[in-house]
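Below is the file start-v6.cif, which contains mmCIF, C-alpha atoms.
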data_upload
#
loop_
_atom_site.group_PDB
_atom_site.id
_atom_site.type_symbol
_atom_site.label_atom_id
_atom_site.label_comp_id
_atom_site.auth_asym_id
_atom_site.auth_seq_id
_atom_site.Cartn_x
_atom_site.Cartn_y
_atom_site.Cartn_z
ATOM 1 C CA MET A 1 -34.345 -8.496 17.579
ATOM 2 C CA SER A 2 -31.390 -6.980 19.421
ATOM 3 C CA SER A 3 -28.177 -5.907 17.696
ATOM 4 C CA ARG A 4 -26.534 -8.914 19.361
ATOM 5 C CA ASP A 5 -28.655 -11.144 17.109
ATOM 6 C CA ARG A 6 -28.351 -9.081 13.916
ATOM 7 C CA GLY A 7 -24.615 -8.826 13.403
ATOM 8 C CA ALA A 8 -22.516 -5.713 12.983
ATOM 9 C CA ALA A 9 -24.946 -3.766 10.739
ATOM 10 C CA VAL A 10 -22.484 -3.564 7.855
ATOM 11 C CA SER A 11 -24.579 -2.978 4.768
ATOM 12 C CA PHE A 12 -22.125 -3.711 1.949
ATOM 13 C CA PRO A 13 -19.409 -6.267 1.138
ATOM 14 C CA PRO A 14 -16.077 -4.728 2.237
ATOM 15 C CA PRO A 15 -14.106 -6.181 -0.717
ATOM 16 C CA LEU A 16 -16.167 -3.941 -3.005
ATOM 17 C CA VAL A 17 -14.643 -0.858 -1.353
ATOM 18 C CA TYR A 18 -11.119 -1.942 -2.220
ATOM 19 C CA LEU A 19 -12.004 -3.259 -5.656
ATOM 20 C CA GLY A 20 -14.080 -0.189 -6.490
ATOM 21 C CA LEU A 21 -11.294 2.187 -5.538
ATOM 22 C CA VAL A 22 -8.652 0.192 -7.417
ATOM 23 C CA LEU A 23 -10.880 0.362 -10.502
ATOM 24 C CA ALA A 24 -11.483 4.076 -9.936
ATOM 25 C CA GLY A 25 -7.742 4.626 -9.741
ATOM 26 C CA LEU A 26 -7.196 2.689 -12.950
ATOM 27 C CA ALA A 27 -9.920 4.737 -14.653
ATOM 28 C CA VAL A 28 -8.237 7.979 -13.556
ATOM 29 C CA GLU A 29 -4.932 6.667 -14.952
ATOM 30 C CA ARG A 30 -6.615 6.064 -18.288
ATOM 31 C CA PHE A 31 -7.566 9.723 -18.670
ATOM 32 C CA ALA A 32 -4.850 11.557 -16.748
ATOM 33 C CA ALA A 33 -1.152 11.662 -17.466
ATOM 34 C CA LEU A 34 0.164 10.650 -14.049
ATOM 35 C CA PRO A 35 3.686 9.538 -13.250
ATOM 36 C CA GLN A 36 4.281 5.823 -13.143
ATOM 37 C CA LEU A 37 5.701 3.828 -10.268
ATOM 38 C CA GLY A 38 8.103 1.946 -12.514
ATOM 39 C CA LEU A 39 8.106 -1.381 -10.683
ATOM 40 C CA PRO A 40 8.019 -4.651 -12.617
ATOM 41 C CA TRP A 41 4.509 -6.180 -12.556
ATOM 42 C CA PRO A 42 5.654 -9.426 -10.840
ATOM 43 C CA ILE A 43 6.349 -7.422 -7.682
ATOM 44 C CA GLY A 44 2.765 -6.173 -7.627
ATOM 45 C CA ALA A 45 1.454 -9.612 -8.483
ATOM 46 C CA SER A 46 3.410 -11.103 -5.578
ATOM 47 C CA VAL A 47 2.069 -8.511 -3.154
ATOM 48 C CA THR A 48 -1.468 -9.137 -4.427
ATOM 49 C CA LEU A 49 -1.017 -12.870 -3.948
ATOM 50 C CA ALA A 50 0.235 -12.319 -0.386
ATOM 51 C CA GLY A 51 -2.918 -10.313 0.384
ATOM 52 C CA LEU A 52 -5.162 -12.996 -1.100
ATOM 53 C CA VAL A 53 -3.383 -15.721 0.891
ATOM 54 C CA LEU A 54 -3.932 -13.736 4.093
ATOM 55 C CA ILE A 55 -7.633 -13.324 3.270
ATOM 56 C CA ALA A 56 -7.988 -17.034 2.496
ATOM 57 C CA ALA A 57 -6.241 -18.022 5.732
ATOM 58 C CA ALA A 58 -8.517 -15.762 7.775
ATOM 59 C CA ILE A 59 -11.686 -16.992 6.071
ATOM 60 C CA GLY A 60 -10.524 -20.580 6.446
ATOM 61 C CA LEU A 61 -10.030 -20.121 10.180
ATOM 62 C CA PHE A 62 -13.496 -18.549 10.492
ATOM 63 C CA ARG A 63 -15.050 -21.473 8.616
ATOM 64 C CA ARG A 64 -13.178 -24.086 10.695
ATOM 65 C CA ARG A 65 -14.531 -22.395 13.825
ATOM 66 C CA GLY A 66 -18.067 -22.536 12.424
ATOM 67 C CA GLU A 67 -18.291 -18.771 11.998
ATOM 68 C CA ASN A 68 -19.496 -16.839 8.966
ATOM 69 C CA PRO A 69 -16.972 -14.239 7.708
ATOM 70 C CA GLU A 70 -19.604 -11.809 6.404
ATOM 71 C CA PRO A 71 -19.732 -8.863 8.821
ATOM 72 C CA TRP A 72 -23.504 -8.426 8.540
ATOM 73 C CA THR A 73 -24.173 -11.864 10.050
ATOM 74 C CA PRO A 74 -24.219 -12.696 13.773
ATOM 75 C CA THR A 75 -21.214 -14.353 15.349
ATOM 76 C CA ASN A 76 -21.152 -16.881 18.169
ATOM 77 C CA ALA A 77 -17.544 -16.591 19.308
ATOM 78 C CA ILE A 78 -14.475 -14.402 19.169
ATOM 79 C CA VAL A 79 -11.950 -15.909 16.777
ATOM 80 C CA ASP A 80 -8.619 -15.085 18.415
ATOM 81 C CA ALA A 81 -6.266 -17.884 17.348
ATOM 82 C CA GLY A 82 -3.891 -18.183 14.418
ATOM 83 C CA ILE A 83 -3.575 -14.992 12.399
ATOM 84 C CA TYR A 84 -6.221 -13.425 14.669
ATOM 85 C CA GLY A 85 -3.610 -13.552 17.431
ATOM 86 C CA TRP A 86 -1.521 -11.030 15.455
ATOM 87 C CA THR A 87 -4.159 -8.760 13.933
ATOM 88 C CA ARG A 88 -7.845 -8.350 14.726
ATOM 89 C CA ASN A 89 -8.631 -7.680 11.064
ATOM 90 C CA PRO A 90 -6.619 -10.027 8.847
ATOM 91 C CA MET A 91 -9.273 -10.042 6.112
ATOM 92 C CA TYR A 92 -9.228 -6.247 5.826
ATOM 93 C CA LEU A 93 -5.450 -6.187 6.112
ATOM 94 C CA GLY A 94 -5.284 -8.760 3.305
ATOM 95 C CA MET A 95 -7.635 -6.638 1.201
ATOM 96 C CA ALA A 96 -5.424 -3.585 1.771
ATOM 97 C CA ILE A 97 -2.322 -5.585 0.801
ATOM 98 C CA ALA A 98 -4.093 -6.900 -2.314
ATOM 99 C CA HIS A 99 -5.116 -3.323 -3.203
ATOM 100 C CA LEU A 100 -1.484 -2.234 -2.824
ATOM 101 C CA GLY A 101 -0.361 -5.135 -4.996
ATOM 102 C CA LEU A 102 -2.855 -4.341 -7.737
ATOM 103 C CA ALA A 103 -1.803 -0.679 -7.734
ATOM 104 C CA LEU A 104 1.828 -1.782 -8.086
ATOM 105 C CA ALA A 105 1.062 -4.431 -10.728
ATOM 106 C CA PHE A 106 -0.900 -1.960 -12.852
ATOM 107 C CA ASP A 107 1.670 0.797 -12.205
ATOM 108 C CA SER A 108 -1.118 3.056 -10.950
ATOM 109 C CA VAL A 109 -0.270 6.040 -8.786
ATOM 110 C CA ALA A 110 -3.986 6.911 -8.621
ATOM 111 C CA ALA A 111 -4.961 3.457 -7.324
ATOM 112 C CA LEU A 112 -2.125 3.679 -4.792
ATOM 113 C CA ALA A 113 -3.314 7.128 -3.677
ATOM 114 C CA LEU A 114 -6.822 5.729 -3.099
ATOM 115 C CA LEU A 115 -5.597 3.002 -0.719
ATOM 116 C CA PRO A 116 -5.769 5.257 2.380
ATOM 117 C CA VAL A 117 -9.284 6.273 1.320
ATOM 118 C CA ALA A 118 -10.321 2.614 1.147
ATOM 119 C CA MET A 119 -8.772 1.931 4.550
ATOM 120 C CA ALA A 120 -10.543 4.950 6.073
ATOM 121 C CA ILE A 121 -13.900 3.781 4.699
ATOM 122 C CA ILE A 122 -13.302 0.270 6.050
ATOM 123 C CA GLN A 123 -12.233 1.671 9.420
ATOM 124 C CA THR A 124 -15.218 3.990 9.859
ATOM 125 C CA GLN A 125 -17.994 2.063 8.112
ATOM 126 C CA VAL A 126 -17.044 -1.557 8.818
ATOM 127 C CA ILE A 127 -14.500 -2.047 11.590
ATOM 128 C CA ALA A 128 -16.065 0.535 13.915
ATOM 129 C CA ARG A 129 -19.457 -1.174 13.538
ATOM 130 C CA GLU A 130 -17.958 -4.625 14.045
ATOM 131 C CA GLU A 131 -16.101 -3.512 17.164
ATOM 132 C CA ARG A 132 -19.224 -1.906 18.618
ATOM 133 C CA TYR A 133 -21.201 -5.098 17.950
ATOM 134 C CA LEU A 134 -18.532 -7.406 19.398
ATOM 135 C CA ARG A 135 -18.046 -5.206 22.471
ATOM 136 C CA GLU A 136 -21.810 -5.237 23.094
ATOM 137 C CA LYS A 137 -22.106 -8.978 22.547
ATOM 138 C CA PHE A 138 -18.970 -10.268 24.301
ATOM 139 C CA GLY A 139 -18.139 -7.470 26.764
ATOM 140 C CA SER A 140 -14.872 -7.872 28.648
ATOM 141 C CA ALA A 141 -13.818 -10.935 26.633
ATOM 142 C CA TYR A 142 -13.689 -8.760 23.522
ATOM 143 C CA THR A 143 -12.152 -5.805 25.357
ATOM 144 C CA ASP A 144 -9.395 -8.105 26.661
ATOM 145 C CA TYR A 145 -8.792 -9.375 23.129
ATOM 146 C CA CYS A 146 -8.499 -5.776 21.889
ATOM 147 C CA THR A 147 -5.936 -5.095 24.602
ATOM 148 C CA ARG A 148 -3.821 -8.099 23.516
ATOM 149 C CA VAL A 149 -4.064 -7.792 19.721
ATOM 150 C CA ARG A 150 -3.689 -4.721 17.521
ATOM 151 C CA ARG A 151 -6.389 -3.691 15.089
ATOM 152 C CA TRP A 152 -4.200 -3.759 11.948
ATOM 153 C CA LEU A 153 -0.628 -4.814 12.799
#
Would you mind writing the structure in this file as structure tokens?
Amino acid sequence: MSSRDRGAAVSFPPPLVYLGLVLAGLAVERFAALPQLGLPWPIGASVTLAGLVLIAAAIGLFRRRGENPEPWTPTNAIVDAGIYGWTRNPMYLGMAIAHLGLALAFDSVAALALLPVAMAIIQTQVIAREERYLREKFGSAYTDYCTRVRRWL
């Protein structure tokens, strides 16, 4: 079976990276006296909700196109409409926004500090594999899409 038939070879659910690092940040906060951000929790809750809405919109578009959003499954087409016309990774962007929101809602400097770590893991262990897979499977159609639409924003 070629890699074109296997999917992007991502071996873990990407939301677990963000969730795990938010929880790690909250655990650090529990045992370390770190400064607080001082924002009211509704701000963080609103940011979290915005991230979840973005994720839901991206998954909904995948489903309407008959594609599976899990990165370890094969894909039959490049989804490039709707939110995918603005960012190539709206699910991961939504997860990053939700992570930010949770850090703000829980007033956690440690969780906020771990956001770039989560994004780096997603970039190197998920997005890079997905891009390699899509470039191999769709060739110039995917390369053209990458030229038109930014990876994050």
Exercise. Between CA of Pro35 (chain A) and CA of Pro116 (chain A), measure the distance and give it in Å to one decimal.
Key: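 So the answer is 18.8 Å.
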Self-check item: Minimum-distance residue to Ala111 (chain A), chosen among A:Ala33, A:Leu39, A:Val22, A:Leu54 (using all atoms listed in the file)
Solution: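 Of A:Ala33, A:Leu39, A:Val22, A:Leu54, the one nearest Ala111 (chain A) is A:Val22, counting all atoms listed in the file.
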Quiz prompt | Long-range neighbours of Leu23 (chain A) as a list in words, 12 Å cut-off, only C-alpha atoms, 2 positions minimum in chain | solution =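 Once the adjacent positions are removed, what remains is Leu16, Val17, Tyr18, Leu19, Gly20, Leu21, Gly25, Leu26, Ala27, Val28, Glu29, Arg30, His99, Leu102, Ala103, Phe106, Ser108, Ala110, Ala111, Leu112, Leu114, Leu115 and Ala118 of chain A.
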Assuming 6 Å of padding per side, give the centre and edge lengths of the axis-aligned box around every listed atom of region 103-119 of chain A, in Å to one decimal and as JSON.
{"center_x": -4.2, "center_y": 1.3, "center_z": -4.2, "size_x": 24.1, "size_y": 23.6, "size_z": 29.4}
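One finds CA of Lys137 (chain A) at 25.6 Å from CA of Gly94 (chain A).
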Exercise. Determine, counting only C-alpha atoms, every residue of protein, DNA or RNA that lies within 7 Å of (-5.4, -8.0, 14.3) in the file coordinates, then give the result as a list in words.
Key: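 Result, sorted by chain then residue number: Tyr84, Gly85, Trp86, Thr87, Arg88, Asn89, Pro90, Val149, Arg150, Arg151, Trp152 and Leu153 of chain A.
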Quiz item: Suppose you want the space between CA of Trp72 (chain A) and CA of Ser11 (chain A); what is it in Å?
Solution: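 For CA of Trp72 (chain A) relative to CA of Ser11 (chain A), the distance reads 6.7 Å.
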Quiz item: Taking into account only C-alpha atoms, which residue in the set A:Asp80, A:Glu67, A:Asp107, A:Glu130 is nearest to Gly38 (chain A)?
Solution: A:Asp107
Which residues of region 74-120 of chain A have any atom within 9 Å of an atom in region 61-66 of chain A when counting only C-alpha atoms, and what is the closest pair of atoms for each, with the distance in Å to one decimal? Order the rows by chain and rising number and write it as a Markdown table.
| residue | atom | partner | partner_atom | distance |
| --- | --- | --- | --- | --- |
| A:Asn76 | CA | A:Gly66 | CA | 8.6 |
| A:Ala77 | CA | A:Arg65 | CA | 8.5 |
| A:Val79 | CA | A:Phe62 | CA | 7.0 |
| A:Ala81 | CA | A:Leu61 | CA | 8.4 |
| A:Gly82 | CA | A:Leu61 | CA | 7.7 |
| A:Ile83 | CA | A:Leu61 | CA | 8.5 |
| A:Tyr84 | CA | A:Leu61 | CA | 8.9 |
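Among A:Val10, A:Ala24, A:Glu136, A:Leu37, the residue with the shortest atom-to-atom distance to Ala105 (chain A), counting all atoms listed in the file, is A:Leu37.
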Quiz item: So what does the PyMOL selection byres ((chain A and resi 97) around 8) actually pick up in this one, as an MDAnalysis selection string?
Solution: chainID A and resid 47:48 50:51 93:96 98:101
Exercise. Determine the nearest neighbour of Tyr133 (chain A) from the options A:Val109, A:Leu34, A:Leu52, A:Ala8, counting only C-alpha atoms.
Key: A:Ala8
Quiz item: Which is closer to Pro42 (chain A) than all the others in A:Ala9, A:Glu131, A:Leu104, A:Ala58, using all atoms listed in the file?
Solution: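 Ranked by minimum distance to Pro42 (chain A), first place goes to A:Leu104.
Taking all atoms listed in the file into account, Ile78 (chain A) lies nearest to A:Ser140 out of the set A:Ser140, A:Arg6, A:Thr124, A:Phe12.
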How would region 34-45 of chain A read, as a PDB file, in the frame of the given file, once all heavy atoms are built in?
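In the end it all went to part17.pdb:
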ATOM      1  N   LEU A  34      -0.473  10.675 -15.361  1.00  0.00           N
ATOM      2  CA  LEU A  34       0.164  10.650 -14.049  1.00  0.00           C
ATOM      3  C   LEU A  34       1.504   9.944 -14.144  1.00  0.00           C
ATOM      4  O   LEU A  34       1.715   9.099 -15.016  1.00  0.00           O
ATOM      5  CB  LEU A  34      -0.745   9.928 -13.046  1.00  0.00           C
ATOM      6  CG  LEU A  34      -2.104  10.567 -12.795  1.00  0.00           C
ATOM      7  CD1 LEU A  34      -2.936   9.682 -11.883  1.00  0.00           C
ATOM      8  CD2 LEU A  34      -1.950  11.946 -12.193  1.00  0.00           C
ATOM      9  N   PRO A  35       2.413  10.258 -13.228  1.00  0.00           N
ATOM     10  CA  PRO A  35       3.686   9.538 -13.250  1.00  0.00           C
ATOM     11  C   PRO A  35       3.473   8.061 -12.942  1.00  0.00           C
ATOM     12  O   PRO A  35       2.488   7.686 -12.309  1.00  0.00           O
ATOM     13  CB  PRO A  35       4.493  10.212 -12.134  1.00  0.00           C
ATOM     14  CG  PRO A  35       3.492  10.877 -11.268  1.00  0.00           C
ATOM     15  CD  PRO A  35       2.309  11.198 -12.126  1.00  0.00           C
ATOM     16  N   GLN A  36       4.389   7.257 -13.396  1.00  0.00           N
ATOM     17  CA  GLN A  36       4.281   5.823 -13.143  1.00  0.00           C
ATOM     18  C   GLN A  36       5.212   5.435 -12.008  1.00  0.00           C
ATOM     19  O   GLN A  36       6.185   6.117 -11.705  1.00  0.00           O
ATOM     20  CB  GLN A  36       4.610   5.043 -14.406  1.00  0.00           C
ATOM     21  CG  GLN A  36       3.585   5.294 -15.498  1.00  0.00           C
ATOM     22  CD  GLN A  36       3.754   4.344 -16.647  1.00  0.00           C
ATOM     23  OE1 GLN A  36       4.860   4.040 -17.049  1.00  0.00           O
ATOM     24  NE2 GLN A  36       2.631   3.868 -17.165  1.00  0.00           N
ATOM     25  N   LEU A  37       4.901   4.315 -11.385  1.00  0.00           N
ATOM     26  CA  LEU A  37       5.701   3.828 -10.268  1.00  0.00           C
ATOM     27  C   LEU A  37       6.986   3.172 -10.757  1.00  0.00           C
ATOM     28  O   LEU A  37       8.008   3.220 -10.088  1.00  0.00           O
ATOM     29  CB  LEU A  37       4.882   2.834  -9.433  1.00  0.00           C
ATOM     30  CG  LEU A  37       3.601   3.411  -8.829  1.00  0.00           C
ATOM     31  CD1 LEU A  37       2.726   2.294  -8.277  1.00  0.00           C
ATOM     32  CD2 LEU A  37       3.951   4.415  -7.751  1.00  0.00           C
ATOM     33  N   GLY A  38       6.930   2.518 -11.899  1.00  0.00           N
ATOM     34  CA  GLY A  38       8.103   1.946 -12.514  1.00  0.00           C
ATOM     35  C   GLY A  38       8.567   0.609 -11.965  1.00  0.00           C
ATOM     36  O   GLY A  38       9.678   0.181 -12.244  1.00  0.00           O
ATOM     37  N   LEU A  39       7.727  -0.068 -11.205  1.00  0.00           N
ATOM     38  CA  LEU A  39       8.106  -1.381 -10.683  1.00  0.00           C
ATOM     39  C   LEU A  39       7.681  -2.466 -11.668  1.00  0.00           C
ATOM     40  O   LEU A  39       6.635  -2.352 -12.314  1.00  0.00           O
ATOM     41  CB  LEU A  39       7.425  -1.634  -9.338  1.00  0.00           C
ATOM     42  CG  LEU A  39       7.858  -0.729  -8.191  1.00  0.00           C
ATOM     43  CD1 LEU A  39       6.976  -0.990  -6.977  1.00  0.00           C
ATOM     44  CD2 LEU A  39       9.308  -0.961  -7.844  1.00  0.00           C
ATOM     45  N   PRO A  40       8.442  -3.544 -11.758  1.00  0.00           N
ATOM     46  CA  PRO A  40       8.019  -4.651 -12.617  1.00  0.00           C
ATOM     47  C   PRO A  40       6.729  -5.281 -12.082  1.00  0.00           C
ATOM     48  O   PRO A  40       6.556  -5.423 -10.869  1.00  0.00           O
ATOM     49  CB  PRO A  40       9.180  -5.645 -12.535  1.00  0.00           C
ATOM     50  CG  PRO A  40      10.250  -5.009 -11.740  1.00  0.00           C
ATOM     51  CD  PRO A  40       9.718  -3.772 -11.112  1.00  0.00           C
ATOM     52  N   TRP A  41       5.824  -5.665 -12.973  1.00  0.00           N
ATOM     53  CA  TRP A  41       4.509  -6.180 -12.556  1.00  0.00           C
ATOM     54  C   TRP A  41       4.600  -7.405 -11.650  1.00  0.00           C
ATOM     55  O   TRP A  41       3.717  -7.598 -10.811  1.00  0.00           O
ATOM     56  CB  TRP A  41       3.584  -6.416 -13.744  1.00  0.00           C
ATOM     57  CG  TRP A  41       3.909  -7.628 -14.554  1.00  0.00           C
ATOM     58  CD1 TRP A  41       4.684  -7.695 -15.655  1.00  0.00           C
ATOM     59  CD2 TRP A  41       3.465  -8.960 -14.292  1.00  0.00           C
ATOM     60  NE1 TRP A  41       4.761  -8.986 -16.091  1.00  0.00           N
ATOM     61  CE2 TRP A  41       4.021  -9.793 -15.273  1.00  0.00           C
ATOM     62  CE3 TRP A  41       2.658  -9.534 -13.315  1.00  0.00           C
ATOM     63  CZ2 TRP A  41       3.800 -11.153 -15.312  1.00  0.00           C
ATOM     64  CZ3 TRP A  41       2.433 -10.902 -13.361  1.00  0.00           C
ATOM     65  CH2 TRP A  41       3.002 -11.698 -14.351  1.00  0.00           C
ATOM     66  N   PRO A  42       5.623  -8.271 -11.753  1.00  0.00           N
ATOM     67  CA  PRO A  42       5.654  -9.426 -10.840  1.00  0.00           C
ATOM     68  C   PRO A  42       5.741  -9.028  -9.357  1.00  0.00           C
ATOM     69  O   PRO A  42       5.265  -9.772  -8.504  1.00  0.00           O
ATOM     70  CB  PRO A  42       6.895 -10.207 -11.277  1.00  0.00           C
ATOM     71  CG  PRO A  42       7.081  -9.852 -12.719  1.00  0.00           C
ATOM     72  CD  PRO A  42       6.674  -8.410 -12.801  1.00  0.00           C
ATOM     73  N   ILE A  43       6.313  -7.877  -9.077  1.00  0.00           N
ATOM     74  CA  ILE A  43       6.349  -7.422  -7.682  1.00  0.00           C
ATOM     75  C   ILE A  43       4.928  -7.172  -7.195  1.00  0.00           C
ATOM     76  O   ILE A  43       4.518  -7.636  -6.139  1.00  0.00           O
ATOM     77  CB  ILE A  43       7.230  -6.164  -7.532  1.00  0.00           C
ATOM     78  CG1 ILE A  43       8.688  -6.522  -7.780  1.00  0.00           C
ATOM     79  CG2 ILE A  43       7.041  -5.534  -6.148  1.00  0.00           C
ATOM     80  CD1 ILE A  43       9.631  -5.347  -7.823  1.00  0.00           C
ATOM     81  N   GLY A  44       4.155  -6.436  -7.986  1.00  0.00           N
ATOM     82  CA  GLY A  44       2.765  -6.173  -7.627  1.00  0.00           C
ATOM     83  C   GLY A  44       1.942  -7.445  -7.561  1.00  0.00           C
ATOM     84  O   GLY A  44       1.110  -7.611  -6.657  1.00  0.00           O
ATOM     85  N   ALA A  45       2.191  -8.346  -8.490  1.00  0.00           N
ATOM     86  CA  ALA A  45       1.454  -9.612  -8.483  1.00  0.00           C
ATOM     87  C   ALA A  45       1.775 -10.408  -7.226  1.00  0.00           C
ATOM     88  O   ALA A  45       0.881 -11.020  -6.620  1.00  0.00           O
ATOM     89  CB  ALA A  45       1.787 -10.420  -9.739  1.00  0.00           C
TER      90      ALA A  45
END
